[in-house]
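Notes for the one structure printed next.
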Amino acid sequence: MTLAFRREYRTFAHLGDDWGVHETTVQRTVERVEAALIASAQFRLPGKKVLKQAENVFQMIAVDAAETPCERPKKSGQAPYGCRSAQDSSALGTAARKSATR
């Protein structure tokens, strides 16, 4: 049960259904197994001092080898139907300002 819990990331309720026991029984079993593994010295990670003494030097190099050209829409000489160019809109704005001042 503990291996299934750790490997598959399943809930206690799902494991209890598979094994035919209640989910609290699964939880107690997993906690007991984890406590036994922690108590044994075989599953302990090395401390900070051991890791510092080892002085492992790692070098990481990242290479981006994908070269794809940017795909942009082609520019056409005319604006699409219903669109105005920047020159048209500035001319309209000037004409509107002149008529408002009169």
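Letters A, B, ... mark the chains of the structure tokens in the order given; residue numbers begin at 1 per chain; ligand numbers begin at 1, in order shown.
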Exercise. Can you pull out every residue within 9 Å of Val33 in chain A, counting only C-alpha atoms, but drop anything in the same chain fewer than 5 positions away, and send it as a ChimeraX atom specification?
Key: /A:2,28,38
Using only C-alpha atoms, please write the residues we just selected to a file, as an mmCIF file, in the first residue's frame.
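again19.cif, written as the output of this step:
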data_model
loop_
_atom_site.group_PDB
_atom_site.id
_atom_site.type_symbol
_atom_site.label_atom_id
_atom_site.label_comp_id
_atom_site.auth_asym_id
_atom_site.auth_seq_id
_atom_site.Cartn_x
_atom_site.Cartn_y
_atom_site.Cartn_z
ATOM 1 C CA THR A 2 2.792 2.407 0.853
ATOM 2 C CA ARG A 28 -1.994 4.354 9.696
ATOM 3 C CA ILE A 38 13.022 6.884 8.764
#
Quiz item: If you measure from CA of Glu34 in chain A to CA of Leu3 in chain A, what distance in Å do you get, rounded to one decimal?
Solution: 10.4 Å
Self-check item: Atomic distance CA of Phe12 in chain A - CA of Thr29 in chain A, expressed in Å with one decimal
Solution: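 Computing the Euclidean distance for CA of Phe12 in chain A and CA of Thr29 in chain A yields 10.3 Å.
One finds CA of Arg10 in chain A at 25.4 Å from CA of Ser40 in chain A.
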